[in-house]
Amino acid sequence: MERVQISTKKLDLYYGSAHVLKDVTFDIYEKTVTAFIGPSGCGKSSYIRCINRMNDFIPSARVEGEIVIDGQNIYGPNVDVIDLRRNVGMVFQKPNPFPMSVYDNVAYGPRLHGVRGKEELDGIVKRSLMGAALWDEVKDKLSSPGTGLSGGQQQRLCIARAIATEPEILLMDEPTSALDPMSTARIEELIRDLKQSYTVVIVTHNMQQAARISDRTAFFLLGDLVEYDSTPKMFTSPEDKRTEDYITGRFG
Amino acid sequence: MEGINTRKRLEADLAELKRMVLRLGKMSEEAVVKAVWALKHQDAKVAQIVLDKDDDIDALTGALDSACMHFTARYQPLGEDLRTVTSVMHMAVDLERIGDYGGNIAKVAIALADTELIKPLIDIPRMVEVLSVMMDRTLFAFDIGDEDAAREIFAKDDELDDLEKQIMRELLILMMEDPKRIEQASQLLNVARTLERAGDHMTNVAERVLYILTGKTVKASEFRRPKER
């Protein structure tokens with residue numbers, strides 16, 4: 001029986017007067033890969049930014065409704081947002097390693113959360129780089145700049161950085177759209193491995209990617225969650241005509 | 001806009017796949033209809049034409065298979081497009097098999113062309129009429145996307161089964177009356193059985209058409225007379 005990790009209930013998001021997400025209700029299950037698809041501006045990236053409360057940084061953003069993670073509404077009173085962001089890692093479309101060494105990139109998050117001991121940090125860095133399938137390529141150059149790696153390696157470094165704080169949830173906003181096909185394939189393989197340990201939510205414009213790597217897919221359109229179902233079902237016989245039209249390229 | 005042009009190209013290619021299926025269906029239908037006509041009228045020449053055309057049916061099936069592979073590789077289809085191309089590949093197998101059956105019946109027609117028939121053939125031609133209606137309606141349902149037309153043919157398969165049983169009863173009586181009739185009666189029984197199997201293949205095709213249109217797996221047994229125990 002799958003356990004619900006993230007339960008969204010009647011979520012509305014406004015940027016000023018713009019109603020960006022409308023009455024969104026659905027559950028994301030533990031240790032699965034959930035893909036969000038939909039045309040530009042449909043609200044899928046805005047939604048994942050609600051999960052780690054990155055929308056808090058937008059002054060005009062207003063959230064109504066609930067997102068419940070592990071039994072706690074993350075928009076409730078007394079929520080430790082720092083701890084939330086430790087537990088919900090994020091990887092962005094354009095790899096963005098910090099201007100520091102490979103080692104320091106990965107150690108940054110744990111250090112911020114109070115880890116000081118060198119042995120402990122060494123262990124975290126190694127584990128995270130191994131978890132991101134990057135260890136073998138960088139183990140002899142941990143002190144070299146993170147920005148000196150190739151695009152695909154930089155993105156895996158960002159994934160290592162995200163998992164260093166041992167989150168339960170990983171958010172990925174089009175993580176491979178800036179990468180070449182080989183790097184994309186490696187990251188997709190990595191995502192398949194990552195779901196053994198993390199709940200992965202991935203926004204993608206590439207429907208074939210969603211079909212390849214996700215267990216469930218959610219289709220957003222103009223702020224509405226139109227359809228949410230198992231990936232094989234979504235891509236072979238969706239229930240909603242708007243979903244059918246989108247996945248067959250009639251619009252979007 | 002690039003996306004819309006790709007969609008237009010996909011639709012044009014999909015339409016060509018559908019045309020190939022309809023052509024294959026027509027060729028296979030013609031094979032069984034002509035073969036049974038040749039059997040009834042003891043015309044070896046017409047039967048031979050059926051046999052000669054079997055290569056064309058095989059060639060078209062091969063071309064359709066390749067076209068489906070290329071379509072899948074080019075477009076990585078999803079949704080109804082995906083259901084259509086995968087179903088077309090299955091349907092081609094069923095339709096080609098019916099074409100083969102036409103060849104098998106033609107061989108019997110040639111074998112019996114110069115022999116006195118043990119009875120005038122009434123029910124075998126009736127079977128091929130029912131089969132012909134099944135094929136026309138199913139291909140029509142596929143062509144224009146009509147779910148109801150596809151569902152109609154399941155009951156027709158019951159008619160085919162009934163006719164086959166009737167033929168078997170009659171031929172059994174003829175065989176018991178005179179053992180010299182056994183060889184020919186067995187051949188005619190085989191023809192009836194072949195036509196009944198062709199009906200089963202068409203119900204497979206109809207199931208596929210319904211899958212394309214509805215996204216749901218439909219079994220013919222849901223619409224047919226319950227099987228006798």
# chains A, B, ... in the order shown; residues from 1 in each chain; ligands from 1
>>> residues_around(residues="Lys9 of chain A", least_positions_apart="4", cutoff="10 Å", atoms="only C-alpha atoms", output="compact mmCIF listing (two decimals) with N, CA and C atoms, in the first residue's frame")
# COMPACT_ATOMS: atom_id res chain seq x y z
N ASP A 23 -7.58 25.71 -7.02
CA ASP A 23 -8.28 24.60 -6.33
C ASP A 23 -7.62 23.25 -6.64
N VAL A 24 -6.32 23.18 -6.44
CA VAL A 24 -5.59 21.95 -6.78
C VAL A 24 -5.64 20.99 -5.60
N THR A 25 -6.08 19.78 -5.87
CA THR A 25 -6.15 18.75 -4.83
C THR A 25 -5.65 17.43 -5.40
N PHE A 26 -4.60 16.87 -4.83
CA PHE A 26 -4.14 15.54 -5.22
C PHE A 26 -3.05 15.08 -4.27
N ASP A 27 -2.68 13.80 -4.34
CA ASP A 27 -1.65 13.23 -3.46
C ASP A 27 -0.45 12.74 -4.26
N GLU A 64 -3.57 29.93 -0.61
CA GLU A 64 -4.71 29.47 0.20
C GLU A 64 -4.80 27.96 0.06
N GLY A 65 -5.32 27.31 1.09
CA GLY A 65 -5.38 25.85 1.04
C GLY A 65 -4.22 25.25 1.80
N GLU A 66 -4.00 23.95 1.59
CA GLU A 66 -2.98 23.26 2.39
C GLU A 66 -2.08 22.38 1.53
N ILE A 67 -0.84 22.28 1.97
CA ILE A 67 0.03 21.20 1.47
C ILE A 67 0.52 20.48 2.71
N VAL A 68 0.13 19.23 2.84
CA VAL A 68 0.47 18.46 4.04
C VAL A 68 1.59 17.49 3.70
N ASN A 73 0.77 20.52 7.84
CA ASN A 73 0.48 21.50 6.80
C ASN A 73 1.63 22.50 6.76
>>> interface_residues(of="chain B", to="chain A", cutoff="9 Å", atoms="only C-alpha atoms", output="NGL selection string")
:B and (3-4 or 6-7 or 76-83 or 212 or 214-216)
>>> write_last_selection(atoms="C-alpha atoms", output="mmCIF file, in the first residue's frame")
data_model
loop_
_atom_site.group_PDB
_atom_site.id
_atom_site.type_symbol
_atom_site.label_atom_id
_atom_site.label_comp_id
_atom_site.auth_asym_id
_atom_site.auth_seq_id
_atom_site.Cartn_x
_atom_site.Cartn_y
_atom_site.Cartn_z
ATOM 1 C CA GLY B 3 4.429 21.940 -33.551
ATOM 2 C CA ILE B 4 1.287 22.260 -35.632
ATOM 3 C CA THR B 6 4.414 18.121 -37.068
ATOM 4 C CA ARG B 7 0.852 17.324 -36.037
ATOM 5 C CA GLN B 76 6.908 8.473 -30.582
ATOM 6 C CA PRO B 77 3.133 8.612 -30.564
ATOM 7 C CA LEU B 78 0.991 8.891 -27.470
ATOM 8 C CA GLY B 79 -2.694 8.646 -26.599
ATOM 9 C CA GLU B 80 -5.026 7.670 -29.425
ATOM 10 C CA ASP B 81 -2.184 7.881 -31.963
ATOM 11 C CA LEU B 82 -0.278 5.236 -29.971
ATOM 12 C CA ARG B 83 -3.348 3.046 -29.604
ATOM 13 C CA ILE B 212 -8.551 2.667 -30.369
ATOM 14 C CA THR B 214 -12.412 4.150 -26.242
ATOM 15 C CA GLY B 215 -9.008 3.418 -24.699
ATOM 16 C CA LYS B 216 -10.595 0.466 -22.947
#
>>> closest_residue(among="B:Leu117, B:Ala31, B:Leu188, B:Leu131", to="Val46 of chain B", atoms="only C-alpha atoms")
B:Ala31
>>> residues_around(residues="Glu188 of chain A", least_positions_apart="4", cutoff="10 Å", atoms="only C-alpha atoms", output="PyMOL selection string")
chain A and resi 175-176+182-184+192-194+209-210+212-214
>>> residues_around(residues="Lys44 of chain A", least_positions_apart="6", cutoff="12 Å", atoms="only C-alpha atoms", output="compact mmCIF listing (two decimals) with N, CA and C atoms, in the first residue's frame")
# COMPACT_ATOMS: atom_id res chain seq x y z
N LEU A 13 -3.12 29.56 -5.61
CA LEU A 13 -1.95 30.43 -5.56
C LEU A 13 -2.23 31.67 -6.39
N VAL A 20 -2.96 31.84 -10.26
CA VAL A 20 -1.99 30.99 -10.95
C VAL A 20 -2.27 29.49 -10.77
N LEU A 21 -2.78 29.14 -9.60
CA LEU A 21 -3.17 27.73 -9.35
C LEU A 21 -4.58 27.75 -8.78
N LYS A 22 -5.44 26.86 -9.32
CA LYS A 22 -6.86 26.94 -8.96
C LYS A 22 -7.34 25.65 -8.33
N VAL A 24 -6.32 23.18 -6.44
CA VAL A 24 -5.59 21.95 -6.78
C VAL A 24 -5.64 20.99 -5.60
N THR A 34 6.93 11.50 -9.77
CA THR A 34 5.72 12.12 -10.31
C THR A 34 6.14 13.21 -11.28
N ALA A 35 5.65 13.14 -12.50
CA ALA A 35 6.01 14.14 -13.51
C ALA A 35 4.87 15.13 -13.65
N PHE A 36 5.22 16.40 -13.83
CA PHE A 36 4.22 17.42 -14.13
C PHE A 36 4.44 17.87 -15.57
N ILE A 37 3.38 17.82 -16.35
CA ILE A 37 3.47 18.28 -17.74
C ILE A 37 2.41 19.34 -17.97
N GLY A 38 2.61 20.09 -19.03
CA GLY A 38 1.63 21.12 -19.37
C GLY A 38 2.32 22.24 -20.11
N CYS A 50 5.65 25.84 -4.39
CA CYS A 50 4.83 25.87 -3.18
C CYS A 50 5.30 24.78 -2.21
N ILE A 51 5.83 23.68 -2.76
CA ILE A 51 6.19 22.56 -1.89
C ILE A 51 7.36 22.91 -0.99
N LEU A 171 12.71 18.01 -5.62
CA LEU A 171 11.97 18.71 -6.68
C LEU A 171 12.95 19.00 -7.82
N MET A 172 12.50 18.71 -9.05
CA MET A 172 13.38 18.95 -10.19
C MET A 172 12.61 19.72 -11.24
N ASP A 173 13.08 20.92 -11.54
CA ASP A 173 12.38 21.77 -12.50
C ASP A 173 13.10 21.71 -13.84
N GLU A 174 12.62 20.87 -14.73
CA GLU A 174 13.22 20.64 -16.06
C GLU A 174 14.73 20.39 -15.93
N VAL A 201 9.73 14.72 -7.60
CA VAL A 201 8.72 15.44 -8.39
C VAL A 201 9.47 16.17 -9.48
N ILE A 202 9.11 15.91 -10.73
CA ILE A 202 9.87 16.49 -11.84
C ILE A 202 8.94 17.22 -12.80
N VAL A 203 9.30 18.46 -13.07
CA VAL A 203 8.58 19.23 -14.09
C VAL A 203 9.32 19.01 -15.40
N THR A 204 8.60 18.68 -16.47
CA THR A 204 9.27 18.46 -17.74
C THR A 204 8.40 18.88 -18.91
N HIS A 205 9.06 19.44 -19.92
CA HIS A 205 8.36 19.74 -21.17
C HIS A 205 8.43 18.56 -22.12
N THR A 217 1.75 10.85 -13.59
CA THR A 217 1.89 12.12 -14.30
C THR A 217 0.68 13.00 -14.00
N ALA A 218 0.96 14.30 -13.78
CA ALA A 218 -0.10 15.28 -13.56
C ALA A 218 -0.06 16.28 -14.71
N PHE A 219 -1.20 16.54 -15.32
CA PHE A 219 -1.28 17.49 -16.42
C PHE A 219 -1.95 18.76 -15.93
N PHE A 220 -1.22 19.88 -16.03
CA PHE A 220 -1.73 21.18 -15.63
C PHE A 220 -2.04 22.01 -16.87
N LEU A 221 -3.10 22.80 -16.77
CA LEU A 221 -3.46 23.69 -17.87
C LEU A 221 -4.12 24.93 -17.28
N LEU A 222 -3.51 26.09 -17.56
CA LEU A 222 -4.06 27.38 -17.09
C LEU A 222 -4.39 27.35 -15.59
N GLY A 223 -3.50 26.76 -14.80
CA GLY A 223 -3.69 26.76 -13.36
C GLY A 223 -4.55 25.64 -12.82
N ASP A 224 -5.19 24.88 -13.72
CA ASP A 224 -6.02 23.75 -13.27
C ASP A 224 -5.23 22.45 -13.35
N LEU A 225 -5.43 21.58 -12.36
CA LEU A 225 -4.94 20.22 -12.49
C LEU A 225 -6.00 19.47 -13.28
N VAL A 226 -5.74 19.21 -14.56
CA VAL A 226 -6.75 18.61 -15.43
C VAL A 226 -6.87 17.11 -15.19
>>> residues_around(residues="Leu174 of chain B", least_positions_apart="4", cutoff="9 Å", atoms="only C-alpha atoms", output="VMD selection string")
chain B and resid 118 to 119 169 to 170 178 to 179 181 to 182 185
>>> select_by_dssp(residues="segment 148-194 of chain A", states="strand (DSSP E)", output="list in words")
Ile169, Leu170, Leu171, Met172 and Asp173 of chain A
>>> write_last_selection(atoms="C-alpha atoms", output="short mmCIF file (atom, residue, chain, number, x, y, z; two decimals), in the first residue's frame")
data_model
loop_
_atom_site.label_atom_id
_atom_site.label_comp_id
_atom_site.auth_asym_id
_atom_site.auth_seq_id
_atom_site.Cartn_x
_atom_site.Cartn_y
_atom_site.Cartn_z
CA ILE A 169 11.60 14.94 -1.30
CA LEU A 170 13.46 16.08 -4.40
CA LEU A 171 11.97 18.71 -6.68
CA MET A 172 13.38 18.95 -10.19
CA ASP A 173 12.38 21.77 -12.50
#
>>> atom_distance(atom1="atom CA of Glu129 of chain B", atom2="atom CA of Val33 of chain B")
7.9 Å
>>> residues_around(residues="Leu64 of chain B", least_positions_apart="2", cutoff="12 Å", atoms="only C-alpha atoms", output="count of residues only")
35
>>> closest_residue(among="A:Gly89, A:Asp122, A:Asp136, A:Arg186", to="Ala160 of chain A", atoms="only C-alpha atoms")
A:Gly89
>>> residues_around(residues="segment 74-80 of chain A", least_positions_apart="3", cutoff="12 Å", atoms="only C-alpha atoms", output="PyMOL selection string")
chain A and resi 6-9+11+50-56+62-71+83-88
>>> decode(residues="segment 80-129 of chain A", atoms="C-alpha atoms", output="compact mmCIF listing (two decimals), in the first residue's frame")
# COMPACT_ATOMS: atom_id res chain seq x y z
CA ASP A 80 10.11 25.75 10.46
CA VAL A 81 10.69 26.80 6.86
CA ILE A 82 14.46 26.22 7.13
CA ASP A 83 13.84 22.64 8.16
CA LEU A 84 11.26 22.31 5.37
CA ARG A 85 13.85 23.36 2.81
CA ARG A 86 16.35 20.90 4.28
CA ASN A 87 13.79 18.17 3.77
CA VAL A 88 12.79 19.27 0.27
CA GLY A 89 15.73 19.53 -2.09
CA MET A 90 15.52 21.33 -5.41
CA VAL A 91 17.35 21.10 -8.72
CA PHE A 92 16.84 23.73 -11.38
CA GLN A 93 16.80 23.75 -15.16
CA LYS A 94 20.15 25.49 -15.56
CA PRO A 95 22.86 23.81 -13.48
CA ASN A 96 23.87 26.36 -10.84
CA PRO A 97 26.85 25.11 -8.82
CA PHE A 98 28.07 27.62 -6.25
CA PRO A 99 31.37 29.40 -7.08
CA MET A 100 33.32 27.10 -4.78
CA SER A 101 34.94 23.67 -4.87
CA VAL A 102 33.07 20.47 -5.64
CA TYR A 103 33.49 19.47 -1.99
CA ASP A 104 32.21 22.76 -0.63
CA ASN A 105 29.24 22.73 -2.96
CA VAL A 106 28.04 19.46 -1.47
CA ALA A 107 29.06 20.29 2.12
CA TYR A 108 27.33 23.68 2.03
CA GLY A 109 23.87 22.49 3.06
CA PRO A 110 25.02 20.17 5.89
CA ARG A 111 27.32 22.91 7.23
CA LEU A 112 24.43 25.36 7.20
CA HIS A 113 22.47 22.87 9.31
CA GLY A 114 25.25 22.56 11.86
CA VAL A 115 27.45 19.69 10.72
CA ARG A 116 31.05 20.60 11.61
CA GLY A 117 33.15 17.46 11.97
CA LYS A 118 35.48 16.82 9.00
CA GLU A 119 35.03 13.08 9.05
CA GLU A 120 31.28 13.43 9.10
CA LEU A 121 31.34 15.97 6.26
CA ASP A 122 33.70 13.78 4.23
CA GLY A 123 31.26 10.92 4.62
CA ILE A 124 28.28 13.05 3.59
CA VAL A 125 30.12 14.43 0.55
CA LYS A 126 31.17 10.97 -0.62
CA ARG A 127 27.72 9.48 -0.05
CA SER A 128 26.00 12.33 -1.86
CA LEU A 129 28.37 12.30 -4.82
